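Raw contents of model_22.cif, mmCIF, C-alpha atoms and all ligand atoms:
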data_coords
loop_
_atom_site.label_atom_id
_atom_site.label_comp_id
_atom_site.auth_asym_id
_atom_site.auth_seq_id
_atom_site.Cartn_x
_atom_site.Cartn_y
_atom_site.Cartn_z
CA MET A 1 -4.65 -15.93 -45.23
CA THR A 2 -5.88 -13.05 -47.43
CA PHE A 3 -8.11 -10.37 -45.98
CA SER A 4 -8.57 -6.64 -46.07
CA THR A 5 -9.29 -4.21 -43.24
CA LEU A 6 -11.23 -1.00 -42.86
CA VAL A 7 -9.78 1.12 -40.06
CA VAL A 8 -12.33 3.77 -39.08
CA ALA A 9 -10.60 6.99 -38.08
CA ALA A 10 -13.10 9.67 -39.13
CA GLY A 11 -14.42 10.54 -35.67
CA SER A 12 -13.83 13.80 -33.83
CA GLY A 13 -12.87 12.25 -30.48
CA SER A 14 -15.12 14.68 -28.61
CA ARG A 15 -14.93 12.76 -25.30
CA ALA A 16 -11.12 12.58 -25.27
CA GLY A 17 -10.52 16.22 -24.34
CA ASP A 18 -9.03 19.22 -26.13
CA GLY A 19 -6.50 19.07 -28.92
CA GLU A 20 -6.26 16.95 -32.02
CA ALA A 21 -8.71 14.06 -32.40
CA LYS A 22 -7.45 11.01 -30.49
CA GLN A 23 -6.45 8.93 -33.54
CA TRP A 24 -3.81 11.53 -34.47
CA ARG A 25 -2.27 11.91 -31.01
CA GLN A 26 0.95 10.25 -29.90
CA LEU A 27 0.99 7.09 -27.84
CA ALA A 28 4.50 6.01 -26.76
CA GLY A 29 6.11 7.88 -29.64
CA LYS A 30 3.72 6.75 -32.39
CA ALA A 31 0.42 8.15 -33.63
CA VAL A 32 -2.56 6.17 -32.28
CA LEU A 33 -3.68 5.29 -35.83
CA ARG A 34 -0.26 3.95 -36.80
CA TRP A 35 -0.20 1.34 -34.01
CA SER A 36 -3.00 -0.84 -35.39
CA VAL A 37 -2.26 -0.15 -39.07
CA GLU A 38 1.29 -1.48 -38.55
CA THR A 39 -0.07 -4.62 -36.85
CA LEU A 40 -2.69 -5.21 -39.55
CA LEU A 41 -0.20 -4.81 -42.40
CA GLY A 42 2.22 -7.09 -40.56
CA ALA A 43 -0.55 -9.70 -40.11
CA GLY A 44 -1.13 -9.73 -43.89
CA SER A 45 -4.06 -7.37 -44.41
CA ALA A 46 -4.07 -6.37 -48.09
CA PRO A 47 -5.03 -3.63 -48.26
CA VAL A 48 -5.68 -1.60 -45.13
CA ILE A 49 -8.21 1.11 -45.97
CA VAL A 50 -8.04 4.01 -43.54
CA ILE A 51 -11.25 6.03 -43.32
CA VAL A 52 -10.72 9.64 -42.26
CA ALA A 53 -12.73 12.85 -42.05
CA ALA A 54 -12.64 15.09 -45.13
CA GLY A 55 -9.45 17.16 -45.16
CA MET A 56 -7.46 14.69 -43.01
CA GLU A 57 -5.96 12.70 -45.90
CA ALA A 58 -2.59 14.46 -45.64
CA ARG A 59 -2.47 13.93 -41.87
CA ALA A 60 -3.01 10.20 -42.46
CA ALA A 61 -0.16 10.15 -44.99
CA GLU A 62 2.03 11.92 -42.45
CA VAL A 63 1.41 9.54 -39.55
CA LEU A 64 1.60 6.44 -41.79
CA ALA A 65 4.76 7.56 -43.63
CA GLY A 66 6.98 4.66 -44.63
CA LEU A 67 4.22 2.01 -44.48
CA GLU A 68 3.13 0.25 -47.70
CA GLY A 69 -0.21 -1.33 -48.50
CA TRP A 70 -2.73 1.19 -47.17
CA ARG A 71 -4.95 3.80 -48.81
CA VAL A 72 -7.26 6.47 -47.54
CA VAL A 73 -11.02 7.01 -48.02
CA VAL A 74 -13.20 9.84 -46.68
CA GLY A 75 -15.78 8.77 -44.08
CA GLY A 76 -19.12 10.13 -42.92
CA ALA A 77 -21.01 11.70 -40.04
CA THR A 78 -21.44 8.52 -37.97
CA ARG A 79 -19.20 5.52 -37.50
CA ALA A 80 -21.68 3.47 -39.52
CA ASP A 81 -21.46 5.98 -42.40
CA SER A 82 -17.69 5.75 -42.27
CA VAL A 83 -17.83 1.94 -42.43
CA ARG A 84 -20.17 2.09 -45.41
CA ALA A 85 -17.88 4.54 -47.22
CA GLY A 86 -15.05 2.09 -46.67
CA LEU A 87 -17.08 -0.89 -47.91
CA GLN A 88 -17.93 1.00 -51.09
CA ALA A 89 -14.27 1.70 -51.73
CA LEU A 90 -13.30 -1.93 -51.11
CA ALA A 91 -12.68 -3.78 -54.36
CA ALA A 92 -13.06 -7.27 -52.92
CA GLY A 93 -15.13 -10.32 -53.93
CA ASP A 94 -18.11 -11.45 -51.82
CA ASP A 95 -16.19 -14.46 -50.49
CA GLU A 96 -13.25 -12.44 -49.28
CA ILE A 97 -12.81 -11.58 -45.61
CA VAL A 98 -12.95 -8.01 -44.34
CA LEU A 99 -12.05 -6.82 -40.85
CA ILE A 100 -13.44 -3.58 -39.45
CA HIS A 101 -11.38 -1.92 -36.76
CA ASP A 102 -11.58 1.23 -34.63
CA ALA A 103 -8.43 3.36 -34.96
CA ALA A 104 -9.16 4.30 -31.33
CA ARG A 105 -8.07 0.76 -30.28
CA PRO A 106 -4.35 1.03 -31.02
CA LEU A 107 -3.00 -1.96 -29.10
CA LEU A 108 -4.09 -4.83 -31.34
CA PRO A 109 -2.45 -8.20 -30.69
CA ALA A 110 -1.68 -9.99 -33.99
CA SER A 111 -3.06 -13.21 -32.43
CA VAL A 112 -6.55 -11.64 -32.31
CA VAL A 113 -6.39 -10.94 -36.05
CA THR A 114 -5.44 -14.56 -36.76
CA ALA A 115 -8.22 -15.92 -34.54
CA LEU A 116 -10.85 -13.71 -36.22
CA VAL A 117 -9.85 -14.74 -39.73
CA GLU A 118 -9.86 -18.41 -38.65
CA ALA A 119 -13.35 -18.10 -37.17
CA VAL A 120 -14.79 -16.73 -40.42
CA THR A 121 -12.78 -19.18 -42.55
CA SER A 122 -14.27 -22.03 -40.53
CA GLY A 123 -17.84 -20.97 -41.28
CA ALA A 124 -18.98 -18.18 -38.93
CA ASP A 125 -20.88 -15.30 -40.56
CA GLY A 126 -18.97 -12.92 -38.38
CA ALA A 127 -16.51 -12.93 -35.48
CA LEU A 128 -15.60 -10.43 -32.80
CA PRO A 129 -13.31 -10.30 -29.78
CA ALA A 130 -15.23 -9.82 -26.55
CA LEU A 131 -14.55 -9.90 -22.82
CA PRO A 132 -17.02 -11.19 -20.25
CA VAL A 133 -18.41 -8.48 -17.97
CA ALA A 134 -16.64 -8.83 -14.61
CA ASP A 135 -18.28 -6.05 -12.56
CA THR A 136 -21.73 -6.26 -11.05
CA LEU A 137 -24.11 -4.29 -13.24
CA LYS A 138 -26.70 -1.84 -11.94
CA ARG A 139 -29.53 -0.12 -13.71
CA THR A 140 -30.97 3.07 -12.23
CA SER A 141 -34.14 4.79 -13.24
CA ASP A 142 -36.21 7.39 -11.36
CA GLY A 143 -34.07 6.88 -8.25
CA GLU A 144 -34.69 3.12 -8.26
CA MET A 145 -31.76 0.74 -8.51
CA GLN A 146 -31.79 -2.76 -9.88
CA THR A 147 -29.04 -5.34 -10.21
CA VAL A 148 -28.74 -6.67 -13.74
CA ASP A 149 -27.79 -10.31 -14.21
CA ARG A 150 -24.42 -10.25 -15.97
CA GLU A 151 -24.64 -13.87 -17.08
CA GLY A 152 -24.15 -13.96 -20.85
CA LEU A 153 -23.13 -10.30 -21.12
CA TRP A 154 -20.02 -9.37 -23.09
CA ARG A 155 -17.97 -6.25 -23.86
CA ALA A 156 -17.59 -6.18 -27.64
CA GLN A 157 -14.31 -5.00 -29.12
CA THR A 158 -12.88 -4.61 -32.61
CA PRO A 159 -11.65 -5.75 -35.11
CA GLN A 160 -14.75 -7.61 -36.24
CA ALA A 161 -14.49 -9.97 -39.21
CA PHE A 162 -17.02 -10.89 -41.92
CA ARG A 163 -17.25 -12.19 -45.47
CA VAL A 164 -17.68 -9.12 -47.68
CA GLY A 165 -20.91 -10.53 -49.21
CA THR A 166 -22.44 -11.33 -45.81
CA LEU A 167 -21.83 -7.82 -44.51
CA ALA A 168 -23.08 -6.15 -47.71
CA ALA A 169 -26.30 -8.21 -47.64
CA ALA A 170 -26.81 -7.42 -43.96
CA TRP A 171 -26.47 -3.69 -44.66
CA GLU A 172 -29.11 -4.04 -47.42
CA ALA A 173 -31.52 -5.43 -44.83
CA TRP A 174 -30.65 -2.92 -42.08
CA PRO A 175 -33.38 -0.31 -41.42
CA ASP A 176 -32.45 3.19 -42.63
CA ASP A 177 -33.61 4.89 -39.43
CA LYS A 178 -31.35 2.93 -37.06
CA ILE A 179 -27.67 3.50 -36.31
CA PRO A 180 -25.73 0.41 -35.20
CA THR A 181 -22.89 0.89 -32.67
CA ASP A 182 -20.82 -1.94 -34.12
CA ASP A 183 -20.74 -4.03 -37.29
CA ALA A 184 -21.70 -7.36 -35.73
CA ALA A 185 -25.07 -5.79 -34.83
CA VAL A 186 -25.88 -5.45 -38.54
CA VAL A 187 -25.08 -9.10 -39.28
CA GLU A 188 -26.90 -10.32 -36.13
CA TYR A 189 -29.97 -8.37 -37.20
CA ASN A 190 -29.94 -10.19 -40.53
CA GLY A 191 -29.88 -13.56 -38.75
CA GLY A 192 -26.15 -14.20 -39.13
CA GLU A 193 -24.19 -16.34 -36.67
CA VAL A 194 -21.56 -14.09 -35.09
CA ARG A 195 -18.94 -15.94 -33.07
CA ILE A 196 -17.09 -14.59 -30.04
CA ILE A 197 -13.34 -15.12 -29.79
CA PRO A 198 -11.44 -14.22 -26.61
CA GLY A 199 -11.02 -10.44 -26.34
CA ASP A 200 -7.97 -8.74 -24.92
CA ALA A 201 -7.68 -5.99 -22.28
CA ARG A 202 -5.13 -4.26 -24.53
CA LEU A 203 -7.90 -3.72 -27.09
CA MET A 204 -9.39 -1.06 -24.84
CA LYS A 205 -10.85 1.88 -26.73
CA LEU A 206 -9.31 5.29 -26.09
CA THR A 207 -12.40 7.29 -25.21
CA TYR A 208 -11.62 9.63 -22.28
CA PRO A 209 -8.43 11.67 -21.59
CA GLU A 210 -7.30 9.31 -18.81
CA ASP A 211 -7.40 6.30 -21.16
CA PHE A 212 -4.15 7.44 -22.77
CA ALA A 213 -2.14 6.92 -19.57
CA MET A 214 -3.72 3.48 -19.09
CA ALA A 215 -2.81 2.46 -22.66
CA GLU A 216 0.75 3.75 -22.19
CA GLN A 217 1.10 1.40 -19.23
CA MET A 218 -0.02 -1.58 -21.28
CA ILE A 219 2.78 -1.15 -23.79
CA PRO A 220 5.64 -3.55 -23.05
CA ARG A 221 8.90 -1.77 -22.36
CA GLN A 222 12.56 -2.70 -22.18
CA THR A 223 15.05 -1.19 -19.79
CA ARG A 224 18.36 -0.09 -21.28
CA VAL A 225 21.53 1.19 -19.68
CA GLY A 226 24.11 3.33 -21.47
CA SER A 227 27.49 4.57 -20.32
CA GLY A 228 29.52 7.62 -21.32
CA PHE A 229 33.03 8.90 -20.68
CA ASP A 230 34.71 12.23 -21.46
CA VAL A 231 37.99 14.02 -20.73
CA HIS A 232 39.03 17.65 -21.17
CA ARG A 233 42.41 19.28 -20.56
CA TRP A 234 42.91 22.21 -18.16
CA GLY A 235 43.95 25.57 -19.64
CA PRO A 236 43.97 29.23 -18.64
CA GLY A 237 40.68 30.66 -17.44
CA GLY A 238 38.64 31.76 -14.43
CA ALA A 239 35.66 29.36 -14.25
CA VAL A 240 34.64 25.93 -15.49
CA TRP A 241 31.29 24.50 -16.64
CA LEU A 242 30.49 21.18 -14.95
CA CYS A 243 27.10 19.44 -15.14
CA GLY A 244 25.50 22.65 -16.39
CA VAL A 245 26.81 24.81 -13.53
CA GLU A 246 29.55 27.46 -13.82
CA VAL A 247 32.08 26.79 -11.05
CA PRO A 248 34.65 29.51 -10.19
CA HIS A 249 38.18 28.09 -10.60
CA ASP A 250 41.67 29.30 -11.46
CA ARG A 251 41.60 27.46 -14.79
CA THR A 252 39.06 26.25 -17.32
CA LEU A 253 38.60 23.12 -19.41
CA ILE A 254 39.64 23.44 -23.04
CA GLY A 255 37.26 22.21 -25.72
CA HIS A 256 35.37 23.12 -28.84
CA SER A 257 32.07 23.70 -26.99
CA ASP A 258 31.87 24.84 -23.34
CA ALA A 259 33.88 21.68 -22.48
CA ASP A 260 31.36 20.51 -19.84
CA ALA A 261 32.76 17.00 -19.49
CA GLY A 262 29.95 16.00 -17.10
CA LEU A 263 27.19 16.82 -19.58
CA HIS A 264 29.19 15.32 -22.44
CA ALA A 265 29.58 12.00 -20.61
CA LEU A 266 25.89 12.07 -19.72
CA THR A 267 24.83 12.87 -23.30
CA ASP A 268 26.92 9.93 -24.51
CA ALA A 269 25.37 7.68 -21.86
CA ILE A 270 21.88 8.50 -23.13
CA LEU A 271 22.94 8.07 -26.77
CA GLY A 272 24.53 4.77 -25.73
CA ALA A 273 21.28 3.54 -24.20
CA LEU A 274 19.61 4.36 -27.53
CA ALA A 275 22.47 2.78 -29.51
CA ALA A 276 22.40 6.07 -31.44
CA GLY A 277 26.11 6.73 -31.90
CA ASP A 278 28.01 9.31 -29.90
CA ILE A 279 28.01 13.04 -29.28
CA GLY A 280 30.52 13.59 -32.10
CA ASP A 281 28.10 12.04 -34.62
CA HIS A 282 25.32 14.39 -33.58
CA PHE A 283 27.42 17.53 -33.03
CA PRO A 284 30.61 17.22 -35.12
CA PRO A 285 33.48 19.27 -33.60
CA SER A 286 34.35 20.26 -37.20
CA ASP A 287 31.04 22.16 -37.44
CA PRO A 288 31.66 25.82 -36.46
CA GLN A 289 28.11 26.23 -35.12
CA TRP A 290 29.03 24.18 -32.01
CA LYS A 291 32.04 26.39 -31.16
CA GLY A 292 31.54 27.59 -27.59
CA ALA A 293 28.05 26.02 -27.56
CA SER A 294 26.36 25.34 -24.25
CA SER A 295 26.35 21.60 -23.61
CA ASP A 296 22.76 21.95 -22.34
CA ARG A 297 21.78 21.68 -25.99
CA PHE A 298 23.59 18.38 -26.46
CA LEU A 299 21.86 16.88 -23.44
CA GLU A 300 18.44 18.18 -24.44
CA HIS A 301 18.94 16.76 -27.93
CA ALA A 302 19.69 13.29 -26.52
CA ALA A 303 16.66 13.51 -24.21
CA GLY A 304 14.55 14.53 -27.21
CA LEU A 305 15.65 11.39 -29.07
CA VAL A 306 14.46 9.25 -26.13
CA ALA A 307 11.08 11.03 -26.15
CA ALA A 308 10.76 10.65 -29.93
CA ARG A 309 11.15 6.87 -29.49
CA GLY A 310 8.32 6.92 -26.96
CA GLY A 311 10.79 6.25 -24.16
CA ARG A 312 11.67 7.90 -20.87
CA ILE A 313 14.81 8.44 -18.86
CA VAL A 314 14.54 6.67 -15.53
CA HIS A 315 17.76 7.64 -13.76
CA VAL A 316 21.18 9.15 -14.44
CA ASP A 317 24.43 8.99 -12.48
CA VAL A 318 27.49 11.15 -13.22
CA THR A 319 30.94 10.87 -11.64
CA LEU A 320 33.40 13.74 -12.00
CA ILE A 321 37.04 12.74 -11.57
CA CYS A 322 39.45 15.57 -10.65
CA GLU A 323 41.70 16.90 -7.90
CA GLN A 324 40.34 20.46 -8.23
CA PRO A 325 37.93 22.22 -8.00
CA LYS A 326 36.07 20.80 -5.02
CA ILE A 327 32.78 19.49 -6.39
CA LYS A 328 30.85 18.93 -3.18
CA PRO A 329 29.81 22.59 -2.62
CA HIS A 330 28.27 22.60 -6.13
CA ARG A 331 26.85 19.10 -6.23
CA GLU A 332 23.27 19.96 -5.35
CA ALA A 333 23.20 22.80 -7.89
CA MET A 334 24.48 20.33 -10.52
CA ARG A 335 21.81 17.76 -9.67
CA GLU A 336 19.13 20.43 -9.86
CA ARG A 337 20.40 21.70 -13.21
CA VAL A 338 20.56 18.21 -14.75
CA ALA A 339 17.13 17.35 -13.33
CA ALA A 340 15.71 20.52 -14.91
CA LEU A 341 17.35 19.83 -18.27
CA LEU A 342 15.99 16.27 -18.34
CA ALA A 343 12.65 17.04 -16.66
CA LEU A 344 13.45 14.42 -14.00
CA PRO A 345 12.72 14.43 -10.28
CA LEU A 346 15.77 15.27 -8.19
CA ASP A 347 16.00 11.77 -6.72
CA ALA A 348 16.51 10.36 -10.23
CA VAL A 349 19.71 12.40 -10.71
CA SER A 350 22.99 11.55 -9.03
CA VAL A 351 26.21 13.57 -9.26
CA LYS A 352 29.32 12.26 -7.52
CA ALA A 353 32.99 13.19 -7.49
CA THR A 354 36.26 11.52 -6.72
CA THR A 355 39.98 12.19 -6.97
CA THR A 356 42.45 9.59 -8.21
CA GLU A 357 44.74 10.01 -5.21
CA GLY A 358 47.33 11.94 -7.18
CA LEU A 359 47.63 9.19 -9.79
CA GLY A 360 47.35 9.52 -13.55
CA PHE A 361 46.46 12.60 -15.63
CA THR A 362 43.68 13.64 -13.29
CA GLY A 363 45.99 13.16 -10.30
CA ARG A 364 48.63 15.34 -11.94
CA ASP A 365 45.85 17.90 -12.47
CA GLU A 366 46.33 17.94 -16.25
CA GLY A 367 42.66 17.37 -17.01
CA LEU A 368 39.25 16.34 -15.71
CA ALA A 369 37.42 13.12 -16.56
CA ALA A 370 33.73 12.35 -16.26
CA GLN A 371 31.80 9.16 -16.55
CA ALA A 372 28.05 8.65 -16.60
CA VAL A 373 25.40 5.96 -16.65
CA ALA A 374 21.86 6.50 -17.94
CA THR A 375 18.96 4.11 -17.47
CA ILE A 376 16.09 4.49 -19.90
CA GLU A 377 12.90 2.65 -20.83
CA LEU A 378 11.86 2.19 -24.46
CA PRO A 379 8.75 0.56 -25.97
CA ALA A 380 9.85 -3.04 -26.60
N1 LIG A 401 -15.51 7.00 -36.28
C1 LIG A 401 -15.52 7.23 -37.65
N2 LIG A 401 -16.46 8.07 -38.18
C2 LIG A 401 -17.34 8.72 -37.40
C3 LIG A 401 -17.34 8.50 -36.02
C4 LIG A 401 -16.41 7.62 -35.47
O1 LIG A 401 -14.71 6.67 -38.37
N3 LIG A 401 -18.19 9.55 -37.98
C5 LIG A 401 -14.47 6.12 -35.71
C6 LIG A 401 -13.59 6.84 -34.68
O2 LIG A 401 -12.55 7.58 -35.36
C7 LIG A 401 -13.09 5.72 -33.83
C8 LIG A 401 -14.19 4.67 -33.92
O3 LIG A 401 -15.07 5.09 -34.98
O4 LIG A 401 -11.86 5.16 -34.32
C9 LIG A 401 -14.92 4.49 -32.60
O5 LIG A 401 -15.67 5.65 -32.30
P1 LIG A 401 -15.51 6.56 -31.00
O6 LIG A 401 -14.64 5.92 -30.01
O7 LIG A 401 -16.88 6.98 -30.61
O8 LIG A 401 -14.67 7.81 -31.58
P2 LIG A 401 -15.14 9.30 -31.83
O9 LIG A 401 -16.50 9.31 -32.42
O10 LIG A 401 -14.04 9.96 -32.58
O11 LIG A 401 -15.16 9.89 -30.35
P3 LIG A 401 -16.37 10.63 -29.58
O12 LIG A 401 -17.55 9.72 -29.70
O13 LIG A 401 -15.86 10.80 -28.19
O14 LIG A 401 -16.56 11.94 -30.31
MG MG A 402 -18.20 8.46 -31.35
#
Produce structure tokens that represent the structure in this file.
Amino acid sequence: MTFSTLVVAAGSGSRAGDGEAKQWRQLAGKAVLRWSVETLLGAGSAPVIVIVAAGMEARAAEVLAGLEGWRVVVGGATRADSVRAGLQALAAGDDEIVLIHDAARPLLPASVVTALVEAVTSGADGALPALPVADTLKRTSDGEMQTVDREGLWRAQTPQAFRVGTLAAAWEAWPDDKIPTDDAAVVEYNGGEVRIIPGDARLMKLTYPEDFAMAEQMIPRQTRVGSGFDVHRWGPGGAVWLCGVEVPHDRTLIGHSDADAGLHALTDAILGALAAGDIGDHFPPSDPQWKGASSDRFLEHAAGLVAARGGRIVHVDVTLICEQPKIKPHREAMRERVAALLALPLDAVSVKATTTEGLGFTGRDEGLAAQAVATIELPA
């Protein structure tokens, strides 16, 4: 199955709100453009030609770093101009298949790509995914309302597939003064038979700001649980850091950093859920820059790794194990501090404490132990 794809990404995303154009924004930890380019390369598209606005070539290289088999072409003022720029840059024979896809439709199931290529291989002049219109349609004009029969009406999506020669010939015949809103329109106009294959709700186009949240929810996620454990020895001092709170005490915990065993256990729990090693890998005790460091930084680093993977922390639970100091008077402050560090609601943060009834090193008051569990969600 050989085919190439033009991914149009030269628009300005004016309806999607302030900030960078929508194709460059992050969706679950990955740039919108990268989502469909990865799928297309994985489905065998050779090459994928990404069409961007002038000056955005480097941004494309940045968001597609590490992927092989794509190149960039500068687009035009309208989507149709961008498609034509891509077609000109495409060095493919007339019989070869080309797909044209909106970068603004990041969630592209590989099965749709296969079905499109099959439809054109089996003789259609063009193929597109489309969904039947489910809502009742109304037309209003001059205060009058009419109900439009939805029978035979479809919502067209992309990618759309054609033989290169068919599409080029259709563009030759297309009137100069008209701007098509998709590529099938050009082939239809030239009398081509364009076939519908089943569309997919995930192929929704990111158009308005609220569409991003909807797309995020369509991304399959896995739940992961990590655990962490830490111990520090008591030594001379007048206060101890526990779960980000300084607790007055007649001793302190000894360690390279601030020795906050609660935050260390929690950091390890998050790293464990990511299968990303342990706190020592990320902040080696041999490195002098972490001497006396606030453990807030370790926890924020681990939370940052979850965010960078497009994930989120769902819930954390820390247990402090010691005879002294009494934790209960400080428990709410600890929950609030951890919730603030992780940007979680308070009811997603649990801090508990227990003694070991005088048994073991914690019972003999030689040290304090902490254990933690973190539940996270990651894109599957
Ligand atoms: N597109 C393009 N070149 C243009 C205009 C649009 O390559 N001159 C691309 C967009 O980047 C997008 C796709 O065509 O991937 C669909 O267009 P649309 O959703 O309308 O995106 P924008 O034109 O960027 O957004 P808006 O219309 O809200 O400005
Ligand atoms: Mg547009």
Residue with the minimum atom-to-atom distance to A:Val247, picked from A:Lys138, A:His330, A:His101, A:Arg84 with only C-alpha atoms counted, is A:His330
Name each residue within 8 Å of ligand LIG 401 (chain A), counting only C-alpha atoms and all ligand atoms, as a ChimeraX atom specification. /A:7-16,21-23,51-53,75-83,101-105,205-208
Problem - Selection near A:Leu128, 8 Å with all atoms listed in the file, sequence-local residues under 6 positions removed, as an NGL selection string - result: :A and (116 or 156-161 or 184 or 194-197 or 199)
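When all atoms listed in the file are used to measure the gap to ligand MG 402 (chain A), the shortest distance among A:Leu305, A:Pro248, A:Pro180, A:Leu90 belongs to A:Pro180.
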Pairwise distance, atom CA of A:Val73 with atom CA of A:Val50, equals 6.2 Å
